[in-house]
$ cat run_33.txt   # compact mmCIF, C-alpha atoms and all ligand atoms
# COMPACT_ATOMS: atom_id res chain seq x y z
CA MET A 46 0.00 0.00 0.00
CA ARG A 47 2.78 2.42 1.05
CA THR A 48 4.79 1.74 -2.12
CA TYR A 49 1.66 2.33 -4.14
CA ILE A 50 1.11 5.73 -2.50
CA LEU A 51 4.78 6.59 -2.98
CA ILE A 52 4.62 5.75 -6.70
CA LEU A 53 1.45 7.78 -7.07
CA SER A 54 3.00 10.78 -5.34
CA LEU A 55 6.13 10.56 -7.50
CA LEU A 56 3.98 10.42 -10.59
CA LEU A 57 2.08 13.50 -9.47
CA ILE A 58 5.30 15.41 -8.81
CA ALA A 59 6.62 14.38 -12.21
CA CYS A 60 3.46 15.76 -13.72
CA ILE A 61 4.24 19.31 -12.62
CA VAL A 62 6.82 21.31 -14.51
CA LYS A 63 7.55 24.75 -13.11
CA GLY A 64 4.14 24.82 -11.55
CA GLN A 65 2.37 23.90 -14.78
CA ALA A 66 0.46 20.65 -14.89
CA ILE A 67 1.49 18.40 -17.75
CA ILE A 68 -1.36 18.01 -20.14
CA GLU A 69 -1.23 15.82 -23.18
CA GLY A 70 -0.46 17.83 -26.30
CA ILE A 71 0.78 20.89 -24.37
CA SER A 72 4.42 21.91 -24.72
CA TYR A 73 6.49 24.13 -22.44
CA ASP A 74 9.63 23.37 -24.36
CA GLU A 75 11.08 26.36 -26.22
CA SER A 76 13.12 24.01 -28.43
CA LYS A 77 9.84 22.50 -29.70
CA VAL A 78 8.42 25.84 -30.89
CA PRO A 79 7.92 25.29 -34.62
CA ASN A 80 9.76 27.28 -37.23
CA TYR A 81 6.81 29.51 -37.82
CA VAL A 82 6.48 32.41 -40.24
CA LEU A 83 4.27 35.23 -39.03
CA PRO A 84 2.10 37.00 -41.57
CA ASP A 85 3.52 40.46 -42.17
CA VAL A 86 0.95 42.86 -40.80
CA LEU A 87 1.74 45.44 -43.49
CA THR A 88 1.47 43.10 -46.49
CA CYS A 89 -2.00 43.02 -48.05
CA ASN A 90 -3.69 39.81 -49.13
CA ASP A 91 -2.85 40.69 -52.76
CA GLY A 92 0.85 40.92 -51.85
CA SER A 93 1.10 44.71 -52.03
CA LYS A 94 2.92 46.54 -49.22
CA VAL A 95 1.33 49.19 -47.07
CA THR A 96 3.43 52.32 -46.85
CA THR A 97 0.92 54.95 -45.69
CA VAL A 98 -1.62 55.33 -42.90
CA THR A 99 -4.36 55.71 -45.51
CA GLU A 100 -3.46 52.37 -47.13
CA TRP A 101 -3.45 50.75 -43.72
CA GLU A 102 -6.78 52.23 -42.66
CA LYS A 103 -8.58 51.82 -46.00
CA LYS A 104 -7.19 48.55 -47.27
CA ARG A 105 -5.09 46.40 -44.94
CA ARG A 106 -6.78 47.10 -41.61
CA PRO A 107 -10.21 45.96 -42.89
CA GLU A 108 -8.57 42.76 -44.22
CA VAL A 109 -7.02 42.02 -40.84
CA LEU A 110 -10.24 42.82 -39.00
CA GLU A 111 -12.10 40.49 -41.32
CA TYR A 112 -9.82 37.60 -40.31
CA PHE A 113 -10.78 38.06 -36.69
CA TYR A 114 -14.49 38.33 -37.56
CA SER A 115 -14.58 35.34 -39.86
CA GLN A 116 -11.96 33.05 -38.32
CA GLU A 117 -11.65 33.64 -34.59
CA TYR A 118 -14.19 35.61 -32.57
CA GLY A 119 -17.11 35.69 -34.98
CA ARG A 120 -19.04 38.56 -36.43
CA THR A 121 -20.38 41.26 -34.14
CA PRO A 122 -23.95 41.98 -35.28
CA LYS A 123 -24.52 45.38 -36.86
CA GLU A 124 -27.91 45.85 -35.28
CA THR A 125 -28.24 46.76 -31.66
CA ILE A 126 -30.65 46.09 -28.81
CA ALA A 127 -32.32 48.47 -26.41
CA VAL A 128 -30.71 49.21 -23.06
CA THR A 129 -31.88 51.30 -20.13
CA TYR A 130 -29.92 52.43 -17.08
CA GLU A 131 -31.29 52.69 -13.57
CA LYS A 132 -29.20 54.14 -10.77
CA LEU A 133 -29.59 51.82 -7.79
CA THR A 134 -27.26 53.47 -5.29
CA GLU A 135 -25.04 56.51 -4.99
CA ASN A 136 -22.69 57.15 -2.10
CA PRO A 137 -20.74 60.43 -2.33
CA ASN A 138 -18.79 59.48 0.78
CA ASP A 139 -17.46 56.05 -0.07
CA MET A 140 -13.95 54.90 0.82
CA GLY A 141 -13.72 57.27 3.75
CA GLY A 142 -14.85 60.21 1.65
CA ARG A 143 -12.26 59.66 -1.07
CA ALA A 144 -14.68 58.32 -3.66
CA THR A 145 -18.22 58.48 -4.90
CA SER A 146 -19.64 55.08 -5.70
CA LYS A 147 -22.60 54.24 -7.89
CA GLN A 148 -24.36 51.06 -8.85
CA VAL A 149 -26.32 51.15 -12.07
CA ARG A 150 -28.63 48.48 -13.40
CA PHE A 151 -28.43 47.88 -17.17
CA LYS A 152 -31.51 46.28 -18.68
CA PHE A 153 -31.01 44.87 -22.16
CA THR A 154 -34.18 43.92 -23.95
CA ASN A 155 -35.63 42.93 -27.30
CA GLY A 156 -39.16 43.72 -26.13
CA LYS A 157 -39.79 40.10 -25.11
CA ASN A 158 -36.90 39.09 -22.88
CA VAL A 159 -34.64 41.02 -20.56
CA VAL A 160 -31.05 40.46 -19.44
CA GLU A 161 -29.80 42.49 -16.49
CA ALA A 162 -26.33 43.56 -15.45
CA ILE A 163 -25.06 45.82 -12.68
CA LEU A 164 -22.22 48.25 -13.15
CA LEU A 165 -20.24 49.26 -10.07
CA VAL A 166 -18.43 52.57 -10.36
CA TYR A 167 -15.96 54.37 -8.08
CA ILE A 168 -15.13 57.99 -8.92
CA PRO A 169 -12.29 59.83 -7.14
CA ASN A 170 -13.55 62.83 -5.16
CA LYS A 171 -10.32 64.77 -5.05
CA ARG A 172 -10.17 65.58 -8.75
CA LYS A 173 -11.91 68.60 -10.14
CA GLY A 174 -13.40 68.18 -13.58
CA LYS A 175 -13.61 65.07 -15.69
CA VAL A 176 -11.72 61.93 -14.77
CA PRO A 177 -10.04 59.04 -16.63
CA VAL A 178 -11.70 55.64 -16.21
CA PHE A 179 -10.66 52.01 -16.21
CA VAL A 180 -13.37 49.73 -17.58
CA GLY A 181 -13.07 46.04 -16.77
CA TYR A 182 -15.07 42.95 -16.03
CA ASN A 183 -14.79 41.01 -12.81
CA PHE A 184 -15.13 37.22 -12.69
CA LYS A 185 -17.11 36.45 -9.56
CA GLY A 186 -19.56 39.31 -9.16
CA ASN A 187 -19.20 42.93 -8.08
CA HIS A 188 -19.48 41.82 -4.46
CA SER A 189 -16.30 39.73 -4.87
CA THR A 190 -14.22 42.88 -5.48
CA THR A 191 -14.92 44.45 -2.08
CA LEU A 192 -15.94 43.70 1.49
CA ASP A 193 -18.51 46.52 1.38
CA THR A 194 -21.86 44.87 2.07
CA THR A 195 -23.76 47.61 0.22
CA VAL A 196 -22.28 46.30 -3.03
CA LEU A 197 -25.00 44.22 -4.61
CA TYR A 198 -24.72 40.71 -5.94
CA SER A 199 -24.53 40.71 -9.72
CA PRO A 200 -27.70 39.46 -11.44
CA SER A 201 -25.91 36.41 -12.90
CA PHE A 202 -24.81 35.28 -9.42
CA SER A 203 -27.71 32.90 -8.92
CA LEU A 204 -27.15 31.38 -12.37
CA VAL A 205 -23.48 30.65 -12.26
CA LYS A 206 -22.21 30.53 -8.68
CA ALA A 207 -20.87 27.23 -7.56
CA PRO A 208 -22.79 26.39 -4.37
CA ASP A 209 -20.76 27.20 -1.27
CA HIS A 210 -17.67 27.75 -3.33
CA PRO A 211 -15.31 30.11 -1.42
CA ASP A 212 -14.39 31.89 -4.67
CA TRP A 213 -17.83 33.36 -4.78
CA GLN A 214 -17.73 34.92 -1.35
CA ARG A 215 -17.81 38.65 -0.79
CA GLY A 216 -14.36 40.16 -1.10
CA ASN A 217 -12.80 37.01 -2.46
CA GLN A 218 -11.22 38.72 -5.48
CA MET A 219 -10.36 42.00 -3.76
CA ASN A 220 -6.71 41.42 -4.49
CA ARG A 221 -7.47 41.91 -8.19
CA TRP A 222 -9.07 45.35 -7.68
CA CYS A 223 -6.89 47.72 -5.68
CA TYR A 224 -9.60 50.37 -5.55
CA ASP A 225 -7.67 52.40 -2.95
CA LYS A 226 -4.65 52.80 -5.18
CA ILE A 227 -6.72 53.45 -8.28
CA ILE A 228 -8.73 56.18 -6.57
CA ASP A 229 -5.65 57.71 -4.97
CA ARG A 230 -4.07 58.07 -8.38
CA GLY A 231 -7.09 59.93 -9.69
CA TYR A 232 -8.69 57.21 -11.78
CA ALA A 233 -12.28 56.07 -11.74
CA VAL A 234 -13.10 52.43 -12.22
CA ALA A 235 -16.21 50.84 -13.73
CA THR A 236 -16.65 47.10 -13.33
CA MET A 237 -19.34 44.55 -14.09
CA CYS A 238 -19.50 40.79 -13.74
CA TYR A 239 -18.77 39.23 -17.13
CA HIS A 240 -21.34 36.50 -16.50
CA ASP A 241 -24.05 39.19 -16.57
CA ILE A 242 -23.33 39.69 -20.27
CA PHE A 243 -22.69 36.08 -21.25
CA PRO A 244 -22.73 33.45 -18.48
CA ASP A 245 -19.52 31.52 -18.95
CA LYS A 246 -21.01 28.07 -18.67
CA LEU A 247 -22.15 25.76 -21.41
CA GLY A 248 -25.90 25.73 -21.84
CA LEU A 249 -26.55 29.22 -20.50
CA ILE A 250 -26.50 31.10 -23.80
CA LYS A 251 -30.22 31.75 -23.47
CA HIS A 252 -29.37 34.03 -20.53
CA SER A 253 -26.79 35.99 -22.51
CA VAL A 254 -27.38 39.36 -24.17
CA SER A 255 -26.66 37.68 -27.52
CA SER A 256 -29.92 35.73 -27.15
CA LEU A 257 -31.78 39.05 -27.43
CA PHE A 258 -30.54 39.83 -30.93
CA PRO A 259 -32.97 39.39 -33.81
CA THR A 260 -30.36 37.25 -35.58
CA TYR A 261 -29.98 34.87 -32.60
CA ASP A 262 -30.45 31.26 -33.58
CA PRO A 263 -29.65 28.64 -30.92
CA ASN A 264 -29.16 26.06 -33.69
CA SER A 265 -26.96 28.25 -35.86
CA THR A 266 -24.25 26.45 -37.80
CA ALA A 267 -22.66 29.64 -39.12
CA LEU A 268 -18.88 29.31 -39.01
CA ASP A 269 -18.53 32.98 -38.13
CA GLU A 270 -21.15 33.06 -35.38
CA TRP A 271 -20.07 35.35 -32.56
CA LYS A 272 -19.52 33.59 -29.28
CA ALA A 273 -18.74 34.53 -25.69
CA ILE A 274 -15.54 36.51 -26.32
CA GLY A 275 -17.30 38.52 -29.01
CA VAL A 276 -20.26 39.16 -26.75
CA TRP A 277 -18.11 40.18 -23.78
CA ALA A 278 -16.25 42.62 -26.05
CA TRP A 279 -19.58 44.02 -27.23
CA GLY A 280 -20.72 44.39 -23.61
CA SER A 281 -17.69 46.44 -22.64
CA SER A 282 -18.60 48.88 -25.40
CA ARG A 283 -22.03 49.17 -23.79
CA ILE A 284 -20.30 50.25 -20.58
CA VAL A 285 -18.67 53.03 -22.60
CA ASP A 286 -22.11 54.00 -23.97
CA TYR A 287 -23.20 54.50 -20.38
CA LEU A 288 -20.03 56.44 -19.53
CA GLU A 289 -20.82 58.75 -22.44
CA THR A 290 -23.98 59.79 -20.59
CA GLN A 291 -21.95 60.84 -17.53
CA ASP A 292 -20.54 64.34 -17.14
CA TRP A 293 -17.72 63.20 -14.81
CA VAL A 294 -16.00 61.06 -17.45
CA ASP A 295 -13.11 62.25 -19.57
CA LEU A 296 -14.07 60.48 -22.79
CA GLU A 297 -10.56 60.89 -24.18
CA LYS A 298 -9.20 58.88 -21.26
CA ILE A 299 -11.01 55.57 -21.20
CA ALA A 300 -8.86 52.48 -20.69
CA ILE A 301 -10.02 48.87 -20.75
CA MET A 302 -8.28 46.27 -18.60
CA GLY A 303 -9.00 42.57 -18.91
CA HIS A 304 -7.43 39.61 -17.17
CA SER A 305 -7.01 36.22 -18.81
CA ARG A 306 -10.18 35.32 -20.78
CA GLN A 307 -11.19 38.92 -20.22
CA GLY A 308 -7.80 40.00 -21.56
CA LYS A 309 -8.77 38.25 -24.79
CA ALA A 310 -12.11 40.07 -24.81
CA ALA A 311 -10.47 43.42 -23.92
CA LEU A 312 -8.11 43.20 -26.89
CA TRP A 313 -11.00 42.33 -29.19
CA ALA A 314 -13.07 45.21 -27.76
CA GLY A 315 -10.13 47.57 -28.23
CA ALA A 316 -9.64 46.42 -31.81
CA GLN A 317 -13.25 47.26 -32.66
CA ASP A 318 -14.10 50.27 -30.50
CA THR A 319 -11.89 53.33 -30.86
CA ARG A 320 -13.34 54.88 -27.72
CA PHE A 321 -10.91 52.71 -25.75
CA LYS A 322 -7.78 54.85 -25.79
CA VAL A 323 -5.62 52.41 -23.82
CA VAL A 324 -6.16 48.66 -24.08
CA ILE A 325 -4.63 46.40 -21.44
CA SER A 326 -4.34 42.63 -21.54
CA ASN A 327 -3.22 40.85 -18.40
CA ASP A 328 -2.11 37.20 -18.77
CA SER A 329 -4.47 36.80 -21.75
CA GLY A 330 -2.52 33.97 -23.41
CA CYS A 331 -3.97 31.80 -26.16
CA GLY A 332 -6.60 33.61 -28.22
CA GLY A 333 -5.45 36.84 -26.53
CA ALA A 334 -2.02 38.41 -26.82
CA ALA A 335 0.01 35.20 -27.28
CA LEU A 336 1.11 34.22 -30.80
CA SER A 337 -0.79 31.07 -31.76
CA LYS A 338 1.89 29.91 -34.17
CA ARG A 339 4.38 29.34 -31.33
CA VAL A 340 2.18 26.54 -30.03
CA TYR A 341 3.62 26.99 -26.54
CA GLY A 342 1.49 26.47 -23.44
CA GLU A 343 -2.24 26.47 -24.10
CA ASN A 344 -2.88 25.88 -27.79
CA ILE A 345 -5.86 26.17 -30.13
CA ALA A 346 -6.74 22.46 -29.99
CA ARG A 347 -7.00 22.60 -26.23
CA ILE A 348 -8.83 25.93 -25.92
CA VAL A 349 -11.54 25.09 -28.47
CA LYS A 350 -12.06 21.71 -26.82
CA ILE A 351 -12.40 23.00 -23.25
CA PHE A 352 -14.14 26.29 -24.10
CA PRO A 353 -16.21 25.57 -27.22
CA HIS A 354 -18.45 28.55 -26.46
CA TRP A 355 -15.67 31.19 -26.64
CA PHE A 356 -14.61 31.28 -30.31
CA CYS A 357 -16.50 31.09 -33.58
CA PRO A 358 -16.67 27.58 -35.08
CA ALA A 359 -14.25 28.49 -37.91
CA PHE A 360 -11.42 28.74 -35.37
CA GLU A 361 -11.54 24.97 -34.81
CA GLN A 362 -9.95 24.31 -38.21
CA TYR A 363 -6.66 25.62 -36.80
CA ALA A 364 -6.51 23.11 -33.96
CA ASP A 365 -3.14 21.32 -34.37
CA ASN A 366 -2.96 23.26 -37.61
CA GLU A 367 -1.57 26.65 -36.54
CA ASP A 368 0.67 26.67 -39.58
CA LYS A 369 -2.41 27.29 -41.73
CA LEU A 370 -3.53 30.38 -39.80
CA PRO A 371 -3.50 33.27 -42.28
CA PHE A 372 -3.15 35.73 -39.39
CA ASP A 373 -1.86 35.80 -35.82
CA GLN A 374 -2.47 37.66 -32.60
CA HIS A 375 0.10 40.43 -33.21
CA GLU A 376 -2.33 41.63 -35.85
CA LEU A 377 -5.08 41.89 -33.23
CA LEU A 378 -2.80 44.24 -31.29
CA ALA A 379 -1.97 46.16 -34.46
CA LEU A 380 -5.68 46.86 -34.99
CA ILE A 381 -5.56 48.97 -31.82
CA ALA A 382 -2.99 51.43 -33.28
CA PRO A 383 -2.59 54.38 -33.02
CA ARG A 384 -4.28 53.95 -29.65
CA HIS A 385 -2.10 52.37 -27.00
CA VAL A 386 -1.84 48.71 -26.08
CA TYR A 387 -0.19 47.23 -22.99
CA VAL A 388 0.43 43.54 -22.39
CA ALA A 389 1.35 42.02 -19.04
CA SER A 390 2.62 38.51 -18.30
CA ALA A 391 3.67 36.55 -15.23
CA VAL A 392 6.72 34.32 -14.94
CA GLY A 393 4.70 31.53 -13.36
CA ASP A 394 2.06 31.60 -16.08
CA LEU A 395 3.66 29.53 -18.84
CA TRP A 396 0.17 28.38 -19.83
CA ALA A 397 -0.31 31.90 -21.28
CA ASP A 398 3.11 31.84 -23.02
CA PRO A 399 4.75 35.06 -21.75
CA LYS A 400 7.28 35.07 -24.60
CA GLY A 401 4.51 34.72 -27.17
CA GLU A 402 2.68 37.62 -25.52
CA PHE A 403 5.81 39.75 -25.62
CA LEU A 404 6.58 38.93 -29.27
CA SER A 405 3.06 39.80 -30.24
CA VAL A 406 3.53 43.36 -28.98
CA TYR A 407 6.87 43.50 -30.74
CA HIS A 408 5.42 42.39 -34.08
CA ALA A 409 2.56 44.89 -33.86
CA GLY A 410 5.26 47.60 -33.88
CA PRO A 411 5.38 48.32 -37.64
CA VAL A 412 1.81 49.64 -37.59
CA TYR A 413 2.65 52.01 -34.72
CA GLU A 414 5.72 53.13 -36.64
CA LEU A 415 3.58 53.80 -39.71
CA TYR A 416 1.72 56.33 -37.55
CA GLY A 417 5.02 57.90 -36.50
CA LEU A 418 4.74 56.27 -33.07
CA SER A 419 7.08 53.85 -31.32
CA GLY A 420 6.77 50.09 -31.00
CA LEU A 421 8.62 48.16 -28.30
CA GLY A 422 11.94 48.79 -30.02
CA THR A 423 13.44 45.46 -28.98
CA ASN A 424 12.68 41.81 -29.53
CA ILE A 425 14.57 40.81 -26.41
CA MET A 426 12.28 40.14 -23.49
CA PRO A 427 12.85 42.40 -20.51
CA ASP A 428 13.70 40.96 -17.11
CA ILE A 429 10.97 40.70 -14.52
CA HIS A 430 9.79 44.02 -13.14
CA GLN A 431 11.49 45.96 -15.95
CA PRO A 432 8.52 47.29 -17.88
CA ILE A 433 8.97 48.73 -21.35
CA MET A 434 6.68 51.67 -22.04
CA THR A 435 6.62 53.47 -25.36
CA ASP A 436 3.44 53.93 -27.38
CA VAL A 437 2.94 50.27 -26.56
CA GLY A 438 3.95 48.55 -23.36
CA TYR A 439 4.91 45.25 -21.82
CA HIS A 440 5.94 43.85 -18.47
CA ILE A 441 6.53 40.48 -16.92
CA ARG A 442 6.31 40.14 -13.16
CA ALA A 443 7.14 37.47 -10.62
CA GLY A 444 4.34 35.18 -9.52
CA GLU A 445 1.42 33.34 -10.95
CA HIS A 446 -1.61 33.87 -13.16
CA ASP A 447 -3.45 36.72 -11.39
CA VAL A 448 -3.88 40.49 -11.28
CA THR A 449 -1.71 42.10 -8.62
CA ASP A 450 -1.08 45.60 -7.32
CA TYR A 451 2.18 45.56 -9.28
CA ASP A 452 0.19 45.07 -12.50
CA TRP A 453 -2.25 47.88 -11.68
CA GLU A 454 0.56 50.25 -10.75
CA ARG A 455 2.20 49.70 -14.14
CA PHE A 456 -1.14 50.05 -15.95
CA MET A 457 -1.60 53.40 -14.21
CA ASP A 458 1.98 54.48 -15.03
CA PHE A 459 1.27 53.69 -18.68
CA CYS A 460 -2.04 55.57 -18.61
CA ASP A 461 -0.42 58.51 -16.79
CA MET A 462 2.09 58.65 -19.59
CA HIS A 463 -0.51 58.67 -22.34
CA PHE A 464 -3.18 60.63 -20.56
CA LYS A 465 -0.50 63.15 -19.55
CA ILE A 466 -1.27 62.95 -15.88
CA VAL A 467 1.45 64.32 -13.64
CA LYS A 468 2.32 61.73 -11.03
CA ARG A 469 0.98 62.55 -7.60
CA LYS A 470 2.79 61.64 -4.42
C1 LIG B 501 -8.11 28.92 -18.51
C2 LIG B 501 -8.00 29.04 -20.01
C3 LIG B 501 -7.29 30.32 -20.42
C4 LIG B 501 -7.93 31.50 -19.75
C5 LIG B 501 -7.99 31.28 -18.25
C6 LIG B 501 -8.72 32.36 -17.46
O1 LIG B 501 -6.85 28.70 -17.96
O2 LIG B 501 -7.34 27.91 -20.48
O3 LIG B 501 -7.34 30.49 -21.82
O4 LIG B 501 -7.22 32.68 -20.08
O5 LIG B 501 -8.68 30.08 -17.98
O6 LIG B 501 -9.54 33.06 -18.01
O7 LIG B 501 -8.48 32.46 -16.26
$ encode --input "run_33.txt" --output "structure tokens"
Amino acid sequence: MRTYILILSLLLIACIVKGQAIIEGISYDESKVPNYVLPDVLTCNDGSKVTTVTEWEKKRRPEVLEYFYSQEYGRTPKETIAVTYEKLTENPNDMGGRATSKQVRFKFTNGKNVVEAILLVYIPNKRKGKVPVFVGYNFKGNHSTTLDTTVLYSPSFSLVKAPDHPDWQRGNQMNRWCYDKIIDRGYAVATMCYHDIFPDKLGLIKHSVSSLFPTYDPNSTALDEWKAIGVWAWGSSRIVDYLETQDWVDLEKIAIMGHSRQGKAALWAGAQDTRFKVVISNDSGCGGAALSKRVYGENIARIVKIFPHWFCPAFEQYADNEDKLPFDQHELLALIAPRHVYVASAVGDLWADPKGEFLSVYHAGPVYELYGLSGLGTNIMPDIHQPIMTDVGYHIRAGEHDVTDYDWERFMDFCDMHFKIVKRK
């Protein structure tokens, strides 16, 4: 019996490499990265080279965007659905008087059905005039970002919460939302639970906002049907619609920050919606910032198998077939130019392929340069805690897959730089 347990334990230990579980078909071996050729972001499908901003914007950019619509995230519908906003709470004296908080109910409807979401907003009190804002989804409900018991449970809570799961308790993801630091540096923050927009569980699509669209067909076989990432991206634009109704928002200073699967959605939102002036991906990995053609860490075969409701069906053809991809994720980042993009990785998050995330920013550079802006300027990865900030940005920090104060502090440094905010003590 003892020997049996010993063998089992040894096997388990052998199954962990640098903190990453070994999963069949997943490689963490740099020497196994294929000899890939990345599509040149400035070469059009007809082989002609882009040399001007006009050529990029009129010809090449639409081609690149079309790849992401037809091959990866699916097509965002052109039509829209009605939404109303109802202010549920307002506290001008939150956070010891340093912030005003608001909770606003969004009701999306097609006249027959309704989907509800609640936006939680903190606005710094010490700034006069309009303020810059971070928009971002949380994973476990607004109540998970704070211990404040006046913060309401998100409407999707009853649908998706795992019964008695500690993750879902109030304040459980506070470490990902350093509201104190954000407010002290003069930023507002607007967050919503991503499940409110599209519950991230198979079988719950009928509770998503996408089910309200006239084109919604639960039996659709369209290869370019938009799925969860597309719908989350769409939802973050609806947060901006609300912000546009608010006189305290500096509309030229809206940043979106997304972690992991929400990093993927943030990049896609930023590619489509120019109202996001800074787009931040934290540990977004496969289908986010990481280059798919490196096939390092999580790969397409694995992500479409485990999360079939995230990407459009056409993406499946690239499973174990990355070589055939006519585009890659650096081009998603390039779509954000001339607005600013920042990518963050963690050393202990090989699943998200930090090097692939870094190289993606690097290879988006030529489009920034076309605009007379600066790319990363180096294809050598910086050491940990040595961020690079130009018109694009990148850092890798110590630790695991998460959002930490270190990440937020760098995101704010980057936004300070581009929003021209003088650093306060
Ligand atoms: C899984 C998934 C990743 C995703 C992550 C997250 O690990 O494989 O692609 O980024 O969940 O969202 O936390």
$ residues_near_ligand --input "run_33.txt" --ligand "ligand LIG 501 (chain B)" --cutoff "12 Å" --atoms "only C-alpha atoms and all ligand atoms" --output "VMD selection string"
chain A and resid 65 to 66 68 71 182 to 185 239 245 274 303 to 311 326 to 335 337 342 to 353 355 to 356 390 394 to 398 445 to 448
$ closest_atom_pairs --input "run_33.txt" --of "range 300-381 of chain A" --to "range 406-409 of chain A" --cutoff "8 Å" --atoms "all atoms listed in the file" --output "JSON lines"
{"residue": "A:Ala334", "atom": "CA", "partner": "A:Val406", "partner_atom": "CA", "distance": 7.7}
{"residue": "A:His375", "atom": "CA", "partner": "A:Ala409", "partner_atom": "CA", "distance": 5.1}
{"residue": "A:Glu376", "atom": "CA", "partner": "A:Ala409", "partner_atom": "CA", "distance": 6.2}
{"residue": "A:Leu378", "atom": "CA", "partner": "A:Ala409", "partner_atom": "CA", "distance": 6.0}
{"residue": "A:Ala379", "atom": "CA", "partner": "A:Ala409", "partner_atom": "CA", "distance": 4.7}
$ closest_residue --input "run_33.txt" --among "A:Val412, A:Leu336, A:Val95, A:Ala162" --to "Leu370 in chain A" --atoms "all atoms listed in the file"
A:Leu336
$ closest_residue --input "run_33.txt" --among "A:Glu75, A:Glu161, A:Asp295, A:Asp193" --to "Val254 in chain A" --atoms "only C-alpha atoms"
A:Glu161
$ atom_distance --input "run_33.txt" --atom1 "CA of Phe321 in chain A" --atom2 "CA of Leu249 in chain A"
28.7 Å
$ residues_around --input "run_33.txt" --residues "Pro200 in chain A" --least-positions-apart "4" --cutoff "9 Å" --atoms "only C-alpha atoms" --output "PyMOL selection string"
chain A and resi 160-163+186+204+238+240-241
$ residues_around --input "run_33.txt" --residues "Ile227 in chain A" --least-positions-apart "6" --cutoff "10 Å" --atoms "all atoms listed in the file" --output "PyMOL selection string"
chain A and resi 167-169+178-179+233-234+450+453-454+457
$ atom_distance --input "run_33.txt" --atom1 "CA of Tyr451 in chain A" --atom2 "CA of Pro411 in chain A"
28.7 Å
$ residues_around --input "run_33.txt" --residues "Val149 in chain A" --least-positions-apart "2" --cutoff "10 Å" --atoms "all atoms listed in the file" --output "PyMOL selection string"
chain A and resi 129-135+147+151-152+162-166+237+287
$ write_last_selection --input "run_33.txt" --atoms "C-alpha atoms" --output "short mmCIF file (atom, residue, chain, number, x, y, z; two decimals), in the frame of the given file"
data_model
loop_
_atom_site.label_atom_id
_atom_site.label_comp_id
_atom_site.auth_asym_id
_atom_site.auth_seq_id
_atom_site.Cartn_x
_atom_site.Cartn_y
_atom_site.Cartn_z
CA THR A 129 -31.88 51.30 -20.13
CA TYR A 130 -29.92 52.43 -17.08
CA GLU A 131 -31.29 52.69 -13.57
CA LYS A 132 -29.20 54.14 -10.77
CA LEU A 133 -29.59 51.82 -7.79
CA THR A 134 -27.26 53.47 -5.29
CA GLU A 135 -25.04 56.51 -4.99
CA LYS A 147 -22.60 54.24 -7.89
CA PHE A 151 -28.43 47.88 -17.17
CA LYS A 152 -31.51 46.28 -18.68
CA ALA A 162 -26.33 43.56 -15.45
CA ILE A 163 -25.06 45.82 -12.68
CA LEU A 164 -22.22 48.25 -13.15
CA LEU A 165 -20.24 49.26 -10.07
CA VAL A 166 -18.43 52.57 -10.36
CA MET A 237 -19.34 44.55 -14.09
CA TYR A 287 -23.20 54.50 -20.38
#
$ closest_residue --input "run_33.txt" --among "A:Gly275, A:Pro107, A:Pro383, A:Pro122" --to "Tyr261 in chain A" --atoms "only C-alpha atoms"
A:Pro122
$ residues_around --input "run_33.txt" --residues "Phe360 in chain A" --least-positions-apart "3" --cutoff "8 Å" --atoms "all atoms listed in the file" --output "PDB file with C-alpha atoms, in the frame of the given file"
ATOM      1  CA  GLN A 116     -11.960  33.050 -38.320  1.00  0.00           C
ATOM      2  CA  GLU A 117     -11.650  33.640 -34.590  1.00  0.00           C
ATOM      3  CA  TYR A 118     -14.190  35.610 -32.570  1.00  0.00           C
ATOM      4  CA  VAL A 349     -11.540  25.090 -28.470  1.00  0.00           C
ATOM      5  CA  PHE A 356     -14.610  31.280 -30.310  1.00  0.00           C
ATOM      6  CA  CYS A 357     -16.500  31.090 -33.580  1.00  0.00           C
ATOM      7  CA  TYR A 363      -6.660  25.620 -36.800  1.00  0.00           C
ATOM      8  CA  ALA A 364      -6.510  23.110 -33.960  1.00  0.00           C
TER       9      ALA A 364
END
$ residues_around --input "run_33.txt" --residues "Met434 in chain A" --least-positions-apart "6" --cutoff "12 Å" --atoms "all atoms listed in the file" --output "compact mmCIF listing (two decimals) with C-alpha atoms, in the coordinates of the input"
# COMPACT_ATOMS: atom_id res chain seq x y z
CA HIS A 385 -2.10 52.37 -27.00
CA VAL A 386 -1.84 48.71 -26.08
CA TYR A 387 -0.19 47.23 -22.99
CA VAL A 388 0.43 43.54 -22.39
CA ALA A 389 1.35 42.02 -19.04
CA VAL A 406 3.53 43.36 -28.98
CA TYR A 407 6.87 43.50 -30.74
CA SER A 419 7.08 53.85 -31.32
CA GLY A 420 6.77 50.09 -31.00
CA LEU A 421 8.62 48.16 -28.30
CA GLY A 422 11.94 48.79 -30.02
CA THR A 423 13.44 45.46 -28.98
CA PRO A 427 12.85 42.40 -20.51
CA HIS A 440 5.94 43.85 -18.47
CA ARG A 455 2.20 49.70 -14.14
CA PHE A 456 -1.14 50.05 -15.95
CA MET A 457 -1.60 53.40 -14.21
CA ASP A 458 1.98 54.48 -15.03
CA PHE A 459 1.27 53.69 -18.68
CA CYS A 460 -2.04 55.57 -18.61
CA ASP A 461 -0.42 58.51 -16.79
CA MET A 462 2.09 58.65 -19.59
CA HIS A 463 -0.51 58.67 -22.34
$ atom_distance --input "run_33.txt" --atom1 "CA of Val276 in chain A" --atom2 "CA of Ser253 in chain A"
8.4 Å
$ closest_residue --input "run_33.txt" --among "A:Gly444, A:Pro432, A:Gly156, A:Gly401" --to "Tyr73 in chain A" --atoms "all atoms listed in the file"
A:Gly401
